[in-house]
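Next comes my_file.cif, a file with mmCIF, C-alpha atoms.
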```
data_work
loop_
_atom_site.label_atom_id
_atom_site.label_comp_id
_atom_site.auth_asym_id
_atom_site.auth_seq_id
_atom_site.Cartn_x
_atom_site.Cartn_y
_atom_site.Cartn_z
CA MET A 1 13.80 -6.25 27.31
CA ASN A 2 15.48 -6.32 23.92
CA ALA A 3 13.94 -6.64 20.47
CA LEU A 4 15.25 -7.61 17.08
CA VAL A 5 13.61 -5.45 14.42
CA PHE A 6 12.98 -6.17 10.72
CA ALA A 7 11.66 -2.94 9.22
CA TYR A 8 11.27 -0.77 6.15
CA HIS A 9 9.18 2.13 4.84
CA ASN A 10 7.22 4.68 6.90
CA VAL A 11 5.50 2.09 9.09
CA GLY A 12 8.92 0.64 9.92
CA TYR A 13 10.27 4.09 10.75
CA ARG A 14 7.39 5.04 13.02
CA CYS A 15 7.12 1.68 14.81
CA LEU A 16 10.88 1.57 15.45
CA SER A 17 10.49 5.08 16.88
CA VAL A 18 7.82 3.76 19.26
CA LEU A 19 10.11 0.98 20.49
CA LEU A 20 12.91 3.44 21.17
CA ALA A 21 10.54 5.87 22.90
CA HIS A 22 9.54 3.10 25.31
CA GLY A 23 13.17 2.38 26.13
CA VAL A 24 13.32 -1.05 24.49
CA ASN A 25 16.87 -2.09 23.64
CA VAL A 26 17.26 -2.76 19.91
CA PRO A 27 20.63 -4.43 19.24
CA LEU A 28 20.06 -4.94 15.50
CA VAL A 29 17.78 -3.59 12.76
CA VAL A 30 17.42 -5.60 9.55
CA THR A 31 16.17 -3.55 6.61
CA HIS A 32 16.38 -3.36 2.82
CA ALA A 33 18.94 -1.57 0.71
CA ASP A 34 17.06 1.04 -1.35
CA SER A 35 16.74 0.09 -5.00
CA ALA A 36 17.75 2.51 -7.74
CA HIS A 37 14.74 1.23 -9.71
CA GLU A 38 12.20 2.21 -7.03
CA ASN A 39 10.66 5.58 -6.25
CA ILE A 40 11.91 6.13 -2.69
CA TRP A 41 9.30 8.53 -1.31
CA PHE A 42 9.31 7.17 2.25
CA SER A 43 11.44 7.56 5.38
CA SER A 44 14.67 5.59 5.89
CA VAL A 45 14.69 3.00 8.66
CA ALA A 46 18.46 2.59 8.17
CA GLU A 47 19.04 6.30 8.81
CA LEU A 48 16.86 6.26 11.93
CA ALA A 49 18.68 3.23 13.33
CA ALA A 50 22.09 4.73 12.57
CA SER A 51 21.14 7.98 14.30
CA HIS A 52 20.55 5.94 17.47
CA GLY A 53 23.77 3.97 17.13
CA ILE A 54 21.96 0.75 16.26
CA GLU A 55 23.69 -1.81 14.06
CA VAL A 56 22.00 -2.16 10.65
CA SER A 57 21.95 -5.19 8.38
CA THR A 58 20.65 -5.38 4.81
CA SER A 59 20.98 -9.15 4.56
CA GLU A 60 19.48 -10.45 1.32
CA ASP A 61 18.36 -13.68 2.99
CA PRO A 62 17.34 -13.37 6.64
CA ASN A 63 16.50 -17.10 6.69
CA ASP A 64 20.04 -18.15 5.79
CA PRO A 65 21.27 -20.58 8.50
CA GLN A 66 24.35 -18.45 9.22
CA PHE A 67 22.18 -15.37 9.71
CA VAL A 68 19.81 -17.34 11.94
CA GLU A 69 22.82 -18.33 14.07
CA ARG A 70 23.67 -14.65 14.39
CA ILE A 71 20.14 -13.92 15.64
CA LEU A 72 20.34 -16.82 18.12
CA ALA A 73 23.42 -15.23 19.64
CA ILE A 74 21.47 -12.00 20.30
CA GLU A 75 18.92 -13.91 22.42
CA PRO A 76 16.08 -11.46 21.68
CA ASP A 77 13.01 -11.22 23.89
CA PHE A 78 10.90 -10.11 20.93
CA LEU A 79 11.16 -10.07 17.16
CA PHE A 80 9.18 -7.39 15.33
CA SER A 81 8.50 -7.07 11.60
CA PHE A 82 7.30 -3.65 10.44
CA TYR A 83 6.68 -3.58 6.67
CA TYR A 84 9.70 -5.79 6.05
CA ARG A 85 9.25 -7.31 2.59
CA ARG A 86 10.68 -10.81 2.93
CA MET A 87 9.00 -13.78 4.54
CA LEU A 88 10.50 -14.83 7.86
CA LYS A 89 10.49 -18.59 8.28
CA VAL A 90 9.78 -20.70 11.35
CA PRO A 91 13.41 -21.12 12.55
CA LEU A 92 13.62 -17.34 12.94
CA LEU A 93 10.15 -16.97 14.42
CA GLN A 94 10.91 -19.49 17.15
CA ILE A 95 13.96 -17.63 18.47
CA PRO A 96 12.49 -14.75 20.55
CA ARG A 97 11.46 -15.68 24.08
CA HIS A 98 8.18 -13.77 23.99
CA GLY A 99 7.22 -14.17 20.36
CA ALA A 100 7.54 -12.69 16.89
CA LEU A 101 5.01 -10.04 15.86
CA ASN A 102 4.20 -8.26 12.60
CA MET A 103 2.43 -4.98 11.86
CA HIS A 104 0.13 -5.45 8.87
CA GLY A 105 -1.59 -2.67 6.93
CA SER A 106 -5.18 -3.87 7.05
CA LEU A 107 -7.86 -4.92 9.49
CA LEU A 108 -7.02 -8.60 9.58
CA PRO A 109 -8.25 -11.10 8.57
CA LYS A 110 -9.22 -8.88 5.60
CA TYR A 111 -6.56 -8.18 2.99
CA ARG A 112 -3.89 -10.57 4.12
CA GLY A 113 -0.82 -10.65 1.89
CA ARG A 114 0.82 -7.99 -0.27
CA ALA A 115 -0.11 -4.35 -0.96
CA PRO A 116 -3.08 -4.33 1.45
CA VAL A 117 -3.68 -0.57 1.25
CA ASN A 118 -3.73 -0.54 -2.55
CA TRP A 119 -6.08 -3.51 -2.67
CA ALA A 120 -8.47 -1.95 -0.14
CA VAL A 121 -8.69 1.24 -2.21
CA LEU A 122 -9.07 -0.74 -5.45
CA LYS A 123 -11.96 -2.72 -3.96
CA GLY A 124 -13.75 0.44 -2.89
CA GLU A 125 -13.52 -0.18 0.86
CA ARG A 126 -14.57 2.64 3.18
CA GLU A 127 -12.38 1.48 6.07
CA THR A 128 -9.02 -0.14 6.67
CA GLY A 129 -6.37 0.08 9.36
CA ALA A 130 -3.36 -1.56 10.98
CA THR A 131 -3.10 -4.85 12.86
CA LEU A 132 -0.34 -6.09 15.16
CA HIS A 133 -0.35 -9.87 15.22
CA TYR A 134 1.83 -12.83 16.12
CA MET A 135 3.66 -14.40 13.21
CA VAL A 136 3.19 -18.05 12.34
CA GLU A 137 4.21 -20.09 9.31
CA LYS A 138 1.11 -19.04 7.33
CA PRO A 139 1.37 -15.35 6.32
CA ASP A 140 -0.70 -12.84 8.29
CA ALA A 141 -2.57 -15.60 10.10
CA GLY A 142 -1.44 -15.41 13.74
CA ASP A 143 -3.32 -14.14 16.79
CA ILE A 144 -4.25 -10.45 16.81
CA VAL A 145 -2.81 -8.26 19.58
CA ALA A 146 -4.01 -4.78 18.56
CA GLN A 147 -5.91 -3.04 15.77
CA GLN A 148 -6.64 0.55 14.81
CA ALA A 149 -9.15 1.45 12.10
CA VAL A 150 -9.06 4.47 9.77
CA PRO A 151 -11.60 5.71 7.19
CA ILE A 152 -11.13 5.62 3.43
CA LEU A 153 -12.93 8.55 1.84
CA PRO A 154 -14.32 8.21 -1.71
CA ASN A 155 -11.54 10.27 -3.32
CA ASP A 156 -8.62 9.23 -1.10
CA THR A 157 -5.59 7.95 -2.97
CA ALA A 158 -3.59 4.97 -1.78
CA ARG A 159 -0.84 7.35 -0.64
CA GLU A 160 -3.30 9.29 1.50
CA VAL A 161 -4.68 6.07 2.97
CA PHE A 162 -1.15 4.74 3.56
CA ASP A 163 -0.37 7.88 5.59
CA LYS A 164 -3.45 7.17 7.72
CA VAL A 165 -2.45 3.53 8.14
CA THR A 166 1.04 4.58 9.22
CA LEU A 167 -0.45 6.70 11.99
CA ALA A 168 -2.83 3.86 12.90
CA ALA A 169 0.12 1.48 13.20
CA GLU A 170 1.96 3.91 15.46
CA MET A 171 -1.10 4.42 17.66
CA ALA A 172 -1.89 0.72 17.98
CA PHE A 173 1.71 -0.20 18.76
CA ASP A 174 2.26 2.63 21.24
CA HIS A 175 -0.92 1.66 23.08
CA VAL A 176 -0.25 -2.08 23.37
CA LEU A 177 3.53 -2.14 23.79
CA PRO A 178 3.50 -1.69 27.60
CA SER A 179 1.19 -4.69 27.90
CA LEU A 180 3.43 -6.73 25.60
CA LEU A 181 6.48 -5.91 27.68
CA ALA A 182 4.56 -6.78 30.86
CA GLY A 183 3.43 -10.10 29.41
CA ASN A 184 -0.30 -9.45 29.63
CA ALA A 185 -1.25 -8.24 26.13
CA PRO A 186 -4.51 -9.60 24.68
CA ARG A 187 -4.53 -12.27 21.98
CA GLN A 188 -7.42 -13.03 19.66
CA ALA A 189 -7.38 -15.85 17.12
CA GLN A 190 -8.21 -14.93 13.54
CA ASP A 191 -11.11 -16.41 11.61
CA LEU A 192 -9.40 -16.62 8.22
CA ALA A 193 -12.69 -17.46 6.50
CA ARG A 194 -13.73 -13.82 7.06
CA GLY A 195 -10.93 -12.49 4.86
CA SER A 196 -8.89 -13.20 1.73
CA TYR A 197 -5.24 -13.31 0.73
CA TYR A 198 -4.01 -10.95 -2.00
CA GLY A 199 -0.80 -11.08 -4.01
CA GLY A 200 1.57 -8.30 -4.98
CA ARG A 201 0.81 -5.76 -7.70
CA LYS A 202 2.90 -4.88 -10.76
CA PRO A 203 2.95 -1.67 -12.85
CA GLU A 204 1.15 -3.45 -15.70
CA ASP A 205 -1.77 -4.11 -13.35
CA GLY A 206 -2.58 -0.41 -13.69
CA ARG A 207 -4.03 -0.86 -17.20
CA ILE A 208 -7.56 0.54 -17.27
CA ASP A 209 -10.41 -1.74 -18.35
CA TRP A 210 -12.99 0.60 -19.86
CA SER A 211 -15.65 -2.11 -19.76
CA GLN A 212 -15.81 -1.47 -16.01
CA SER A 213 -17.99 1.18 -14.38
CA ASN A 214 -16.78 4.70 -13.73
CA ASN A 215 -16.60 3.91 -10.00
CA GLN A 216 -14.38 0.89 -10.65
CA VAL A 217 -12.05 2.86 -12.91
CA HIS A 218 -11.93 5.68 -10.34
CA ASN A 219 -10.93 3.17 -7.65
CA LEU A 220 -8.10 1.86 -9.83
CA VAL A 221 -6.85 5.39 -10.49
CA ARG A 222 -6.86 6.10 -6.73
CA ALA A 223 -5.22 2.78 -5.88
CA VAL A 224 -2.19 3.26 -8.13
CA ALA A 225 -1.87 7.06 -8.24
CA PRO A 226 1.62 8.53 -7.62
CA PRO A 227 3.90 7.71 -5.92
CA TYR A 228 2.71 4.33 -7.27
CA PRO A 229 3.12 3.65 -11.02
CA GLY A 230 -0.26 5.03 -12.10
CA ALA A 231 -3.32 3.90 -14.08
CA PHE A 232 -2.87 3.95 -17.83
CA THR A 233 -4.59 3.41 -21.14
CA THR A 234 -3.79 3.94 -24.82
CA ALA A 235 -5.45 5.98 -27.54
CA GLN A 236 -4.25 6.01 -31.14
CA GLY A 237 -1.21 4.08 -29.97
CA ARG A 238 -0.21 6.76 -27.43
CA LYS A 239 0.13 5.82 -23.75
CA ILE A 240 -1.92 7.97 -21.41
CA TYR A 241 -1.48 7.94 -17.64
CA ILE A 242 -4.53 9.08 -15.69
CA TYR A 243 -3.49 10.22 -12.21
CA ALA A 244 -6.60 11.77 -10.67
CA THR A 245 -10.33 11.53 -11.38
CA ARG A 246 -13.73 12.30 -9.94
CA VAL A 247 -16.90 10.29 -10.60
CA VAL A 248 -19.55 12.32 -12.41
CA GLU A 249 -22.84 11.14 -10.96
CA ASN A 250 -26.06 10.79 -12.93
CA VAL A 251 -24.49 11.79 -16.25
CA ARG A 252 -24.24 9.58 -19.33
CA GLY A 253 -21.67 10.26 -22.03
CA SER A 254 -22.60 10.58 -25.70
CA ALA A 255 -19.49 9.21 -27.44
CA GLN A 256 -19.86 6.03 -29.50
CA ALA A 257 -17.37 4.08 -27.34
CA ALA A 258 -15.04 4.61 -24.38
CA ALA A 259 -13.22 7.85 -25.04
CA LEU A 260 -11.38 10.90 -23.75
CA TYR A 261 -12.77 14.34 -24.57
CA CYS A 262 -12.56 17.95 -23.39
CA THR A 263 -15.30 20.56 -23.23
CA ASP A 264 -15.82 23.87 -21.40
CA GLY A 265 -12.29 23.80 -20.02
CA GLN A 266 -12.62 20.38 -18.43
CA CYS A 267 -11.47 16.89 -19.46
CA TYR A 268 -13.58 13.74 -19.22
CA ALA A 269 -13.23 10.01 -19.74
CA GLN A 270 -16.23 7.94 -20.77
CA CYS A 271 -16.47 4.23 -19.99
CA GLN A 272 -18.06 1.72 -22.36
CA ASP A 273 -21.34 1.83 -20.42
CA ARG A 274 -21.38 5.65 -20.86
CA GLY A 275 -20.45 6.28 -17.22
CA VAL A 276 -18.32 9.44 -16.97
CA LEU A 277 -15.23 10.48 -15.02
CA ARG A 278 -13.82 13.97 -14.81
CA VAL A 279 -10.05 13.76 -15.33
CA LEU A 280 -8.11 16.09 -13.02
CA ALA A 281 -4.56 15.06 -13.92
CA MET A 282 -3.01 12.99 -16.68
CA GLU A 283 0.20 12.56 -18.65
CA VAL A 284 0.54 12.05 -22.40
CA ASP A 285 3.94 11.40 -24.00
CA GLY A 286 5.65 12.67 -20.87
CA VAL A 287 3.69 15.95 -20.80
CA HIS A 288 1.61 16.60 -17.66
CA TYR A 289 -1.88 18.04 -17.90
CA GLY A 290 -3.81 19.36 -14.92
CA GLU A 291 -6.81 21.57 -14.34
CA LYS A 292 -4.92 24.73 -15.36
CA GLU A 293 -3.98 23.18 -18.70
CA PHE A 294 -7.50 21.84 -19.27
CA ALA A 295 -8.98 25.29 -18.59
CA ARG A 296 -7.00 26.71 -21.52
CA MET A 297 -8.11 24.00 -23.94
CA GLU A 298 -10.78 24.46 -26.54
CA THR A 299 -13.36 21.74 -27.08
CA VAL A 300 -11.66 18.50 -28.13
CA SER A 301 -13.78 15.85 -29.85
CA PRO A 302 -13.65 12.30 -28.47
CA THR A 303 -10.42 10.35 -28.80
CA TYR A 304 -11.33 6.68 -28.57
CA PHE A 305 -9.33 4.31 -26.43
CA ASP A 306 -7.57 1.40 -28.13
CA SER A 307 -8.43 -2.32 -27.87
CA GLN A 308 -12.05 -1.92 -26.87
CA ALA A 309 -13.97 -5.15 -26.54
CA THR A 310 -17.31 -3.76 -27.67
CA MET A 311 -18.86 -0.62 -29.05
CA ILE A 312 -21.77 0.97 -27.23
CA SER A 313 -25.06 0.11 -28.91
#
```

Give the structure from the file, written as structure tokens.
Amino acid sequence: MNALVFAYHNVGYRCLSVLLAHGVNVPLVVTHADSAHENIWFSSVAELAASHGIEVSTSEDPNDPQFVERILAIEPDFLFSFYYRRMLKVPLLQIPRHGALNMHGSLLPKYRGRAPVNWAVLKGERETGATLHYMVEKPDAGDIVAQQAVPILPNDTAREVFDKVTLAAEMAFDHVLPSLLAGNAPRQAQDLARGSYYGGRKPEDGRIDWSQSNNQVHNLVRAVAPPYPGAFTTAQGRKIYIYATRVVENVRGSAQAAALYCTDGQCYAQCQDRGVLRVLAMEVDGVHYGEKEFARMETVSPTYFDSQATMIS
């Protein structure tokens, strides 16, 4: 059996490792050239492939007819996509004898589309996972072959959840691959009405809306915490990144509007409804503040956030 692999990121690295561990021949790996404008915090699929003597392509357009002809010549039994970022169109998907499959970072049909881990954290989910499914023309809509769930704890960041999902992807793939190769893997159609499709996220989507509850703001902070761009706000025209928070239960703030304040060696953010978050890490004008810095601070009166829709009555 041979398999053509489109892969990137940690999930791509680990799932390619599974294929090689099972002795599947991989004549070509298609991946992305790392961008100088991106924080590369993840493992290199290109380096893994090269270490095994596998040819690597960073084609900008895998659906280009000339590239499709190249894939036809390989005559792959399978095509796998593991966190590859470009859509693969039908002419490519029809080439492999035994199908084209994708590893998606959610429990399909929930969170189809882009950035599924970040969206699941943002929406306050307590569970997500990884799903191996057949690829069809509609994104993330084909029959499910394997799934593995993982928990999302209330203070988990998207990075922590992504690490769990990477392991879930490896486990699910390692378990089902022998059945795939033998031609007797299960297939279950998706009920797309039970899930939704989500688009990609941009750094500006990290702007905090202080009219939301403290739980909602906490979920945003977790969803975009480093290595992602981070949640941010402004106060007195200064940009403030908030990187880590904890929800303070059953406490109401006393400031006249949404604000940042410090007291007793700790820093807090108050939402417009007086819900409170303890701030564990933030950055102001490029200077990082954590719990050690907060502990040395004297009491700081409220600094009100800019562009507030309403004042608290």

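Interatomic distance, CA of Tyr261 (chain A) against CA of Asn155 (chain A): 21.7 Å.
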
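CA of Lys110 (chain A) lies 7.7 Å from CA of Tyr197 (chain A).
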
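Computed from the coordinates, the CA of Arg85 (chain A) to CA of Ala244 (chain A) distance equals 28.1 Å.
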
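Residue nearest Pro96 (chain A), chosen from A:Pro116, A:Pro76, A:Pro302, A:Pro227 and counting all atoms listed in the file: A:Pro76.
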
(request) Do a neighbour search on region 250-260 of chain A at 10 Å with all atoms listed in the file, toss out local chain neighbours closer than 5 positions, and write the hits as a PyMOL selection string. (result) chain A and resi 209-211+235+267-279+300-306+308-313

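Picked out by the PyMOL selection byres ((chain A and resi 233) around 8) when it runs on this file: Arg207, Ile208, Ala231, Phe232, Thr234, Ala235, Lys239, Ile240, Tyr241, Ile242, Phe305 and Asp306 of chain A.
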
Export C-alpha atoms of the chosen residues as a short mmCIF file (atom, residue, chain, number, x, y, z; two decimals), keeping the file's coordinate frame?
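This went into part.cif:
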```
data_model
loop_
_atom_site.label_atom_id
_atom_site.label_comp_id
_atom_site.auth_asym_id
_atom_site.auth_seq_id
_atom_site.Cartn_x
_atom_site.Cartn_y
_atom_site.Cartn_z
CA ARG A 207 -4.03 -0.86 -17.20
CA ILE A 208 -7.56 0.54 -17.27
CA ALA A 231 -3.32 3.90 -14.08
CA PHE A 232 -2.87 3.95 -17.83
CA THR A 234 -3.79 3.94 -24.82
CA ALA A 235 -5.45 5.98 -27.54
CA LYS A 239 0.13 5.82 -23.75
CA ILE A 240 -1.92 7.97 -21.41
CA TYR A 241 -1.48 7.94 -17.64
CA ILE A 242 -4.53 9.08 -15.69
CA PHE A 305 -9.33 4.31 -26.43
CA ASP A 306 -7.57 1.40 -28.13
#
```

Margin query: Show me, as a list in words, the residues that have an atom within 8 Å of region 165-173 of chain A when counting all atoms listed in the file, minus same-chain residues fewer than 4 positions from it.
Written below: Asn10, Val11, Arg14, Cys15, Val18, Met103, Gly105, Ser106, Thr128, Gly129, Ala130, Thr131, Leu132, Ala146, Gln147, Gln148, Ala149, Val150, Val161 and Leu177 of chain A
